[in-house]
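For reference, the structure is listed below as structure tokens.
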Amino acid sequence: MSPSVSASFPDDVKAKLVSQMHMDPQIPRIDPTVATWQLPPHPLSETQSENLISTTDMAIIGSGVTGCSVASNLLENPLLGDRTVTVFEARTLTSGATSRNAGFLLSHIPKYFKEMVEGYGEERAISIAQFCNRTLEKMSKLATSQGPDVEKASEKRRVQAILAYEKAEVLQACLESIQLYEEVFPEAKGLYSTITPETAEKVYRLKGTAGALSTLAEVFWPYRLITRVFESLLHRYKGRFSIETKTPVTSISYSPETDAEHPYILSTPRGNIRAGQVFHCSNAFAGHLLPNLRGKIFPTRHIMSCQKSGPKFPNLGAKQCWMWFGTPSYDPNSGIFDTGLYYMQQNPHTGDLFFGGNKAHIDEIVNSDDQKVSSFSKNNVSTILPTLFDRRWNDPVSGSVQRPVVDKVWSGIIGSTPDHLPLVGKLPASVTGRGDVDGGEWIAAGYNGYGMVQCWSCGEAIARMALGEATPDWLPDVHLITEKRLGDEMLMGTEAAFGALA
């Protein structure tokens with residue numbers, strides 16, 4: 001989502017993209033590219049029971065932030081009683097998007113608030129903004145609540161976020177949105193400040209910008225935090241909670257006549273298991289087990305890297321993080337699609353840069369395969385940094401621009417929705433197609449690249465509702481998955497879906 005900016009595609013490309021959006025994302029690939037975030041692996045990365053149990057009351061599919069939130073909010077709620085909870089992960093623990101992203105804790109809403117008011121009305125836009133702010137607070141407190149060792153390991157820190165803009169009109173649109181946001185939320189006034197193009201270059205060494213914004217944000221190491229929360233849950237709820245890694249759920253059937261208490265049959269390569277309720281927390285891969293959602297949530301592949309800082313790049317990891325907002329574009333001659341968005345944080349200890357963005361052939365954008373990084377995408381993310389910063393990659397002796405030293409490049413799969421909002425709540429029987437009219441299947445997915453400010457609260461919402469609590473008043477009604485929403489062609493149709501790519 002970029003204010004007033006989108007890429008246009010010819011009709012034949014649109015047709016191809018629509019076809020890809022409706023394809024089966026399959027289960028997560030068994031041998032994905034290796035993300036630096038996941039090194040070294042947590043001791044529980046391959047944890048599983050010696051023998052798969054035959055039943056569980058609550059089955060959670062996916063072990064990222066959302067799955068962790070569902071597990072935590074179920075187990076810590078007295079309404080759960082003595083019921084059991086099991087997390088199923090197709091690969092190793094927390095190996096999906098949670099451990100492949102940029103590790104930002106920064107709400108995107110102020111920059112897009114005006115668009116949201118225009119699209120959903122002021123009341124709903126306010127609700128969405130409050131929801132993201134709530135989630136930011138929850139995520140920040142999550143690290144602190146786990147104790148000093150976990151907080152230190154997760155490296156959560158408050159920094160100055162520098163948001164650079166390629167075009168003055170896009171920056172101006174963001175400023176107008178932020179102004180409207182501040183009018184509605186007076187307490188937010190002054191959170192964003194402007195940086196002139198001259199200051200951006202002289203002080204922040206940013207090259208070729210039309211200006212920038214500065215605000216406070218938090219960055220952290222997501223894999224370390226979430227795996228340690230899972231470790232704590234296993235310790236505290238031994239006997240009631242289990243994690244089954246390398247146990248993909250390949251299909252689900254519904255058979256209440258054979259076991260009314262556990263009517264869902266989850267098929268895995270290790271055998272079948274029956275469940276009382278099922279939580280779909282696999283984000284971009286949800287369409288595999290829920291074919292009727294294909295096209296309403298679809299996978300897009302993005303690229304991240306870990307690189308050495310330039311010869312003249314100081315260690316600013318405890319002070320700053322960066323985002324660049326360019327112009328989404330599609331070149332029909334080469335077939336290259338560029339979202340125009342890049343993002344980076346720096347390791348405060350080693351100085352290494354976690355840098356990502358997405359510029360790839362159009363055939364590779366709507367894609368669920370994180371085993372691969374195309375040579376074009378790899379080359380782009382490996383060479384672009386010297387074009388974004390002024391003199392940071394110049395050799396101290398010769399003055400010539402050095403090619404960045406790249407340690408690893410990996411891909412990650414984002415769950416996208418046409419209306420840019422997550423799908424949260426009880427799945428209608430028309431979606432599952434299993435005849436479970438009483439509804440024992442739940443979903444929290446589709447974060448459009450902004451999972452860190454949405455996942456935890458979405459998971460908490462479905463956990464609470466599954467235990468019989470009312471829909472939380474802090475959950476925006478536009479997030480709820482309903483037949484009406486899914487059938488709204490303006491919000492969830494194919495034309496809207498193209499906007500989700502940018």
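If you're wondering about the labels, chains in the structure tokens are A, B, ... by order shown, residues count from 1 in each chain, ligands from 1 in order shown.
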Hey, what's within 8 Å of Ala217 of chain A if we count only C-alpha atoms and toss same-chain stuff fewer than 2 positions away? As a list in words, please? Phe104, Leu105, Leu106, Arg158, Val159, Gln160, Ala161, Thr215 and Val219 of chain A
Taking N, CA, C and O atoms for each residue, export the selection above as a PDB file, in the first residue's frame.
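Generated output (selection_36.pdb):
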ATOM      1  N   PHE A 104      10.608  -5.068  12.297  1.00  0.00           N
ATOM      2  CA  PHE A 104      10.183  -3.713  12.656  1.00  0.00           C
ATOM      3  C   PHE A 104       8.947  -3.757  13.547  1.00  0.00           C
ATOM      4  O   PHE A 104       8.021  -4.531  13.302  1.00  0.00           O
ATOM      5  N   LEU A 105       8.915  -2.892  14.556  1.00  0.00           N
ATOM      6  CA  LEU A 105       7.700  -2.636  15.333  1.00  0.00           C
ATOM      7  C   LEU A 105       7.347  -1.165  15.113  1.00  0.00           C
ATOM      8  O   LEU A 105       7.735  -0.282  15.871  1.00  0.00           O
ATOM      9  N   LEU A 106       6.619  -0.916  14.031  1.00  0.00           N
ATOM     10  CA  LEU A 106       6.255   0.440  13.628  1.00  0.00           C
ATOM     11  C   LEU A 106       4.930   0.382  12.882  1.00  0.00           C
ATOM     12  O   LEU A 106       4.805  -0.339  11.889  1.00  0.00           O
ATOM     13  N   ARG A 158      14.604   0.764  21.084  1.00  0.00           N
ATOM     14  CA  ARG A 158      13.917   1.920  20.486  1.00  0.00           C
ATOM     15  C   ARG A 158      14.924   2.711  19.660  1.00  0.00           C
ATOM     16  O   ARG A 158      16.033   3.033  20.139  1.00  0.00           O
ATOM     17  N   VAL A 159      14.538   3.018  18.426  1.00  0.00           N
ATOM     18  CA  VAL A 159      15.438   3.708  17.501  1.00  0.00           C
ATOM     19  C   VAL A 159      14.684   4.809  16.756  1.00  0.00           C
ATOM     20  O   VAL A 159      13.461   4.904  16.808  1.00  0.00           O
ATOM     21  N   GLN A 160      15.438   5.614  16.055  1.00  0.00           N
ATOM     22  CA  GLN A 160      14.875   6.642  15.177  1.00  0.00           C
ATOM     23  C   GLN A 160      14.684   6.010  13.798  1.00  0.00           C
ATOM     24  O   GLN A 160      15.644   5.554  13.180  1.00  0.00           O
ATOM     25  N   ALA A 161      13.440   5.976  13.340  1.00  0.00           N
ATOM     26  CA  ALA A 161      13.157   5.436  12.006  1.00  0.00           C
ATOM     27  C   ALA A 161      13.240   6.569  10.993  1.00  0.00           C
ATOM     28  O   ALA A 161      12.552   7.590  11.124  1.00  0.00           O
ATOM     29  N   THR A 215      10.647   9.305  12.870  1.00  0.00           N
ATOM     30  CA  THR A 215       9.745   8.959  13.962  1.00  0.00           C
ATOM     31  C   THR A 215      10.418   7.892  14.826  1.00  0.00           C
ATOM     32  O   THR A 215      11.443   7.331  14.436  1.00  0.00           O
ATOM     33  N   VAL A 219      12.811  -2.005  16.970  1.00  0.00           N
ATOM     34  CA  VAL A 219      13.229  -3.121  16.125  1.00  0.00           C
ATOM     35  C   VAL A 219      13.666  -4.243  17.056  1.00  0.00           C
ATOM     36  O   VAL A 219      14.025  -4.011  18.211  1.00  0.00           O
TER      37      VAL A 219
END
As a compact mmCIF listing (two decimals) with N, CA and C atoms, in the first residue's frame, please: every residue in segment 114-353 of chain A that a backbone DSSP assignment puts in alpha helix (DSSP H).
# COMPACT_ATOMS: atom_id res chain seq x y z
N LYS A 114 -5.29 8.69 5.86
CA LYS A 114 -6.23 9.40 4.99
C LYS A 114 -6.90 8.44 4.01
N GLU A 115 -6.12 7.55 3.42
CA GLU A 115 -6.70 6.56 2.50
C GLU A 115 -7.70 5.66 3.22
N MET A 116 -7.39 5.30 4.46
CA MET A 116 -8.29 4.43 5.21
C MET A 116 -9.59 5.15 5.58
N VAL A 117 -9.49 6.42 5.90
CA VAL A 117 -10.70 7.20 6.17
C VAL A 117 -11.57 7.27 4.92
N GLU A 118 -10.92 7.49 3.78
CA GLU A 118 -11.66 7.56 2.52
C GLU A 118 -12.26 6.21 2.14
N GLY A 119 -11.56 5.13 2.46
CA GLY A 119 -12.03 3.80 2.07
C GLY A 119 -13.02 3.17 3.03
N TYR A 120 -12.83 3.42 4.34
CA TYR A 120 -13.64 2.72 5.34
C TYR A 120 -14.45 3.65 6.25
N GLU A 122 -14.21 7.33 8.85
CA GLU A 122 -13.34 7.73 9.95
C GLU A 122 -13.42 6.79 11.14
N GLU A 123 -14.61 6.35 11.51
CA GLU A 123 -14.76 5.51 12.70
C GLU A 123 -13.99 4.21 12.55
N ARG A 124 -14.09 3.58 11.39
CA ARG A 124 -13.38 2.32 11.18
C ARG A 124 -11.88 2.54 11.04
N ALA A 125 -11.49 3.63 10.41
CA ALA A 125 -10.06 3.93 10.30
C ALA A 125 -9.45 4.12 11.68
N ILE A 126 -10.18 4.78 12.56
CA ILE A 126 -9.72 4.97 13.94
C ILE A 126 -9.57 3.62 14.63
N SER A 127 -10.55 2.74 14.41
CA SER A 127 -10.51 1.42 15.03
C SER A 127 -9.28 0.63 14.56
N ILE A 128 -8.97 0.71 13.28
CA ILE A 128 -7.81 0.01 12.73
C ILE A 128 -6.52 0.57 13.33
N ALA A 129 -6.45 1.89 13.44
CA ALA A 129 -5.26 2.53 14.01
C ALA A 129 -5.07 2.11 15.47
N GLN A 130 -6.15 2.13 16.24
CA GLN A 130 -6.07 1.75 17.66
C GLN A 130 -5.67 0.29 17.80
N PHE A 131 -6.16 -0.55 16.90
CA PHE A 131 -5.82 -1.96 16.92
C PHE A 131 -4.32 -2.17 16.72
N CYS A 132 -3.74 -1.47 15.75
CA CYS A 132 -2.31 -1.61 15.49
C CYS A 132 -1.49 -1.06 16.65
N ASN A 133 -1.93 0.05 17.22
CA ASN A 133 -1.21 0.61 18.38
C ASN A 133 -1.27 -0.36 19.56
N ARG A 134 -2.43 -0.98 19.75
CA ARG A 134 -2.57 -1.97 20.82
C ARG A 134 -1.59 -3.12 20.62
N THR A 135 -1.49 -3.58 19.37
CA THR A 135 -0.61 -4.72 19.08
C THR A 135 0.85 -4.36 19.28
N LEU A 136 1.23 -3.15 18.89
CA LEU A 136 2.60 -2.70 19.13
C LEU A 136 2.94 -2.76 20.61
N GLU A 137 2.01 -2.29 21.43
CA GLU A 137 2.23 -2.30 22.88
C GLU A 137 2.33 -3.73 23.39
N LYS A 138 1.47 -4.61 22.88
CA LYS A 138 1.49 -6.02 23.29
C LYS A 138 2.82 -6.67 22.92
N MET A 139 3.30 -6.43 21.72
CA MET A 139 4.55 -7.03 21.27
C MET A 139 5.73 -6.51 22.08
N SER A 140 5.72 -5.23 22.36
CA SER A 140 6.80 -4.65 23.15
C SER A 140 6.83 -5.23 24.56
N LYS A 141 5.65 -5.37 25.15
CA LYS A 141 5.56 -5.92 26.51
C LYS A 141 5.85 -7.41 26.53
N LEU A 142 5.61 -8.10 25.41
CA LEU A 142 5.85 -9.54 25.35
C LEU A 142 7.31 -9.84 25.66
N ALA A 143 8.20 -9.08 25.02
CA ALA A 143 9.64 -9.31 25.25
C ALA A 143 10.01 -9.03 26.70
N THR A 144 9.47 -7.95 27.23
CA THR A 144 9.79 -7.58 28.62
C THR A 144 9.25 -8.60 29.61
N SER A 145 8.05 -9.11 29.33
CA SER A 145 7.39 -10.03 30.27
C SER A 145 8.08 -11.38 30.37
N PRO A 148 14.54 -10.77 31.75
CA PRO A 148 15.69 -10.06 31.19
C PRO A 148 16.50 -10.86 30.18
N ASP A 149 16.59 -12.18 30.36
CA ASP A 149 17.38 -12.99 29.42
C ASP A 149 16.74 -12.99 28.03
N VAL A 150 15.40 -13.15 28.00
CA VAL A 150 14.69 -13.17 26.71
C VAL A 150 14.70 -11.78 26.10
N GLU A 151 14.49 -10.77 26.94
CA GLU A 151 14.49 -9.40 26.42
C GLU A 151 15.85 -9.08 25.80
N LYS A 152 16.92 -9.51 26.44
CA LYS A 152 18.26 -9.26 25.92
C LYS A 152 18.48 -10.03 24.62
N ALA A 153 18.03 -11.29 24.59
CA ALA A 153 18.22 -12.12 23.40
C ALA A 153 17.45 -11.57 22.20
N SER A 154 16.25 -11.04 22.45
CA SER A 154 15.44 -10.53 21.35
C SER A 154 15.93 -9.18 20.84
N ALA A 168 8.44 13.93 -4.18
CA ALA A 168 7.90 14.92 -3.27
C ALA A 168 6.39 14.76 -3.09
N GLU A 169 5.68 14.37 -4.17
CA GLU A 169 4.23 14.25 -4.06
C GLU A 169 3.81 13.10 -3.16
N VAL A 170 4.60 12.04 -3.13
CA VAL A 170 4.30 10.92 -2.24
C VAL A 170 4.57 11.32 -0.79
N LEU A 171 5.66 12.02 -0.57
CA LEU A 171 5.96 12.53 0.77
C LEU A 171 4.86 13.48 1.23
N GLN A 172 4.39 14.34 0.34
CA GLN A 172 3.34 15.28 0.70
C GLN A 172 2.05 14.56 1.05
N ALA A 173 1.74 13.50 0.31
CA ALA A 173 0.53 12.72 0.61
C ALA A 173 0.65 12.08 1.99
N CYS A 174 1.84 11.61 2.33
CA CYS A 174 2.05 11.03 3.66
C CYS A 174 1.90 12.08 4.75
N LEU A 175 2.43 13.28 4.50
CA LEU A 175 2.33 14.35 5.48
C LEU A 175 0.88 14.75 5.71
N GLU A 176 0.10 14.78 4.65
CA GLU A 176 -1.33 15.11 4.79
C GLU A 176 -2.05 14.02 5.59
N SER A 177 -1.67 12.78 5.36
CA SER A 177 -2.27 11.67 6.10
C SER A 177 -1.90 11.75 7.57
N ILE A 178 -0.63 12.03 7.84
CA ILE A 178 -0.17 12.13 9.23
C ILE A 178 -0.85 13.30 9.94
N GLN A 179 -1.04 14.41 9.23
CA GLN A 179 -1.73 15.56 9.82
C GLN A 179 -3.15 15.19 10.22
N LEU A 180 -3.85 14.47 9.36
CA LEU A 180 -5.21 14.02 9.68
C LEU A 180 -5.19 13.08 10.87
N TYR A 181 -4.19 12.19 10.90
CA TYR A 181 -4.04 11.25 12.01
C TYR A 181 -3.84 12.00 13.33
N GLU A 182 -3.03 13.04 13.29
CA GLU A 182 -2.76 13.83 14.50
C GLU A 182 -3.99 14.60 14.97
N GLU A 183 -4.84 14.99 14.03
CA GLU A 183 -6.08 15.67 14.41
C GLU A 183 -7.01 14.73 15.17
N VAL A 184 -7.00 13.47 14.76
CA VAL A 184 -7.86 12.48 15.41
C VAL A 184 -7.21 11.98 16.70
N PRO A 197 15.58 17.56 2.01
CA PRO A 197 16.51 16.80 1.15
C PRO A 197 17.97 17.09 1.49
N GLU A 198 18.27 18.35 1.82
CA GLU A 198 19.65 18.72 2.14
C GLU A 198 20.12 18.03 3.43
N THR A 199 19.26 18.05 4.45
CA THR A 199 19.61 17.38 5.71
C THR A 199 19.69 15.88 5.54
N ALA A 200 18.78 15.34 4.72
CA ALA A 200 18.79 13.90 4.46
C ALA A 200 20.14 13.47 3.89
N GLU A 201 20.71 14.31 3.02
CA GLU A 201 21.99 13.96 2.40
C GLU A 201 23.17 14.26 3.33
N LYS A 202 23.18 15.44 3.92
CA LYS A 202 24.35 15.86 4.70
C LYS A 202 24.45 15.16 6.05
N PRO A 222 12.87 -11.20 15.83
CA PRO A 222 11.60 -11.92 16.04
C PRO A 222 11.76 -13.40 16.36
N TYR A 223 12.64 -14.09 15.66
CA TYR A 223 12.80 -15.53 15.87
C TYR A 223 13.16 -15.84 17.30
N ARG A 224 14.11 -15.08 17.85
CA ARG A 224 14.55 -15.36 19.21
C ARG A 224 13.42 -15.14 20.23
N LEU A 225 12.62 -14.11 20.01
CA LEU A 225 11.53 -13.84 20.95
C LEU A 225 10.47 -14.92 20.90
N ILE A 226 9.97 -15.24 19.72
CA ILE A 226 8.84 -16.17 19.62
C ILE A 226 9.25 -17.59 20.00
N THR A 227 10.44 -18.04 19.62
CA THR A 227 10.85 -19.39 20.02
C THR A 227 10.99 -19.48 21.54
N ARG A 228 11.43 -18.42 22.17
CA ARG A 228 11.56 -18.45 23.63
C ARG A 228 10.21 -18.38 24.33
N VAL A 229 9.24 -17.72 23.73
CA VAL A 229 7.88 -17.75 24.29
C VAL A 229 7.33 -19.16 24.21
N PHE A 230 7.53 -19.82 23.08
CA PHE A 230 7.08 -21.22 22.95
C PHE A 230 7.78 -22.09 24.00
N GLU A 231 9.06 -21.88 24.20
CA GLU A 231 9.81 -22.65 25.19
C GLU A 231 9.20 -22.48 26.57
N SER A 232 8.85 -21.25 26.92
CA SER A 232 8.24 -20.96 28.21
C SER A 232 6.89 -21.65 28.35
N LEU A 233 6.09 -21.62 27.30
CA LEU A 233 4.76 -22.26 27.34
C LEU A 233 4.89 -23.77 27.53
N LEU A 234 5.85 -24.38 26.84
CA LEU A 234 6.06 -25.82 27.00
C LEU A 234 6.44 -26.17 28.44
N HIS A 235 7.24 -25.33 29.04
CA HIS A 235 7.67 -25.57 30.42
C HIS A 235 6.51 -25.39 31.41
N ARG A 236 5.73 -24.34 31.21
CA ARG A 236 4.67 -24.01 32.16
C ARG A 236 3.44 -24.90 32.03
N ALA A 286 -2.68 -20.49 3.95
CA ALA A 286 -4.02 -20.88 4.42
C ALA A 286 -4.87 -21.47 3.29
N GLY A 287 -4.66 -21.01 2.06
CA GLY A 287 -5.47 -21.47 0.95
C GLY A 287 -5.30 -22.94 0.61
N HIS A 288 -4.22 -23.56 1.12
CA HIS A 288 -4.03 -24.99 0.84
C HIS A 288 -5.13 -25.82 1.50
N LEU A 289 -5.40 -25.55 2.78
CA LEU A 289 -6.42 -26.30 3.51
C LEU A 289 -7.80 -25.68 3.35
Choose the residue, out of A:Glu460, A:Asp12, A:Glu155, A:Asp338, that has the smallest atom-to-atom separation from Pro472 of chain A; count only C-alpha atoms. A:Glu460
Residues of segment 147-291 of chain A classed as strand (DSSP E or B) by DSSP on the backbone are to be reported as a PyMOL selection string. chain A and resi 157-165+193-195+206+212-219+238+241-244+251-254+264-268+271-280
Quick one: of A:Lys111, A:Pro314, A:Ile27, A:Ala210, who's nearest to Gly351 of chain A, counting only C-alpha atoms?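 Comparing A:Lys111, A:Pro314, A:Ile27, A:Ala210 against Gly351 of chain A, the winner is A:Pro314.
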Looking at A:Gln26, A:Thr36, A:Ser19, A:Ser107, which one is nearest to Val453 of chain A, with distances taken over only C-alpha atoms? A:Ser107
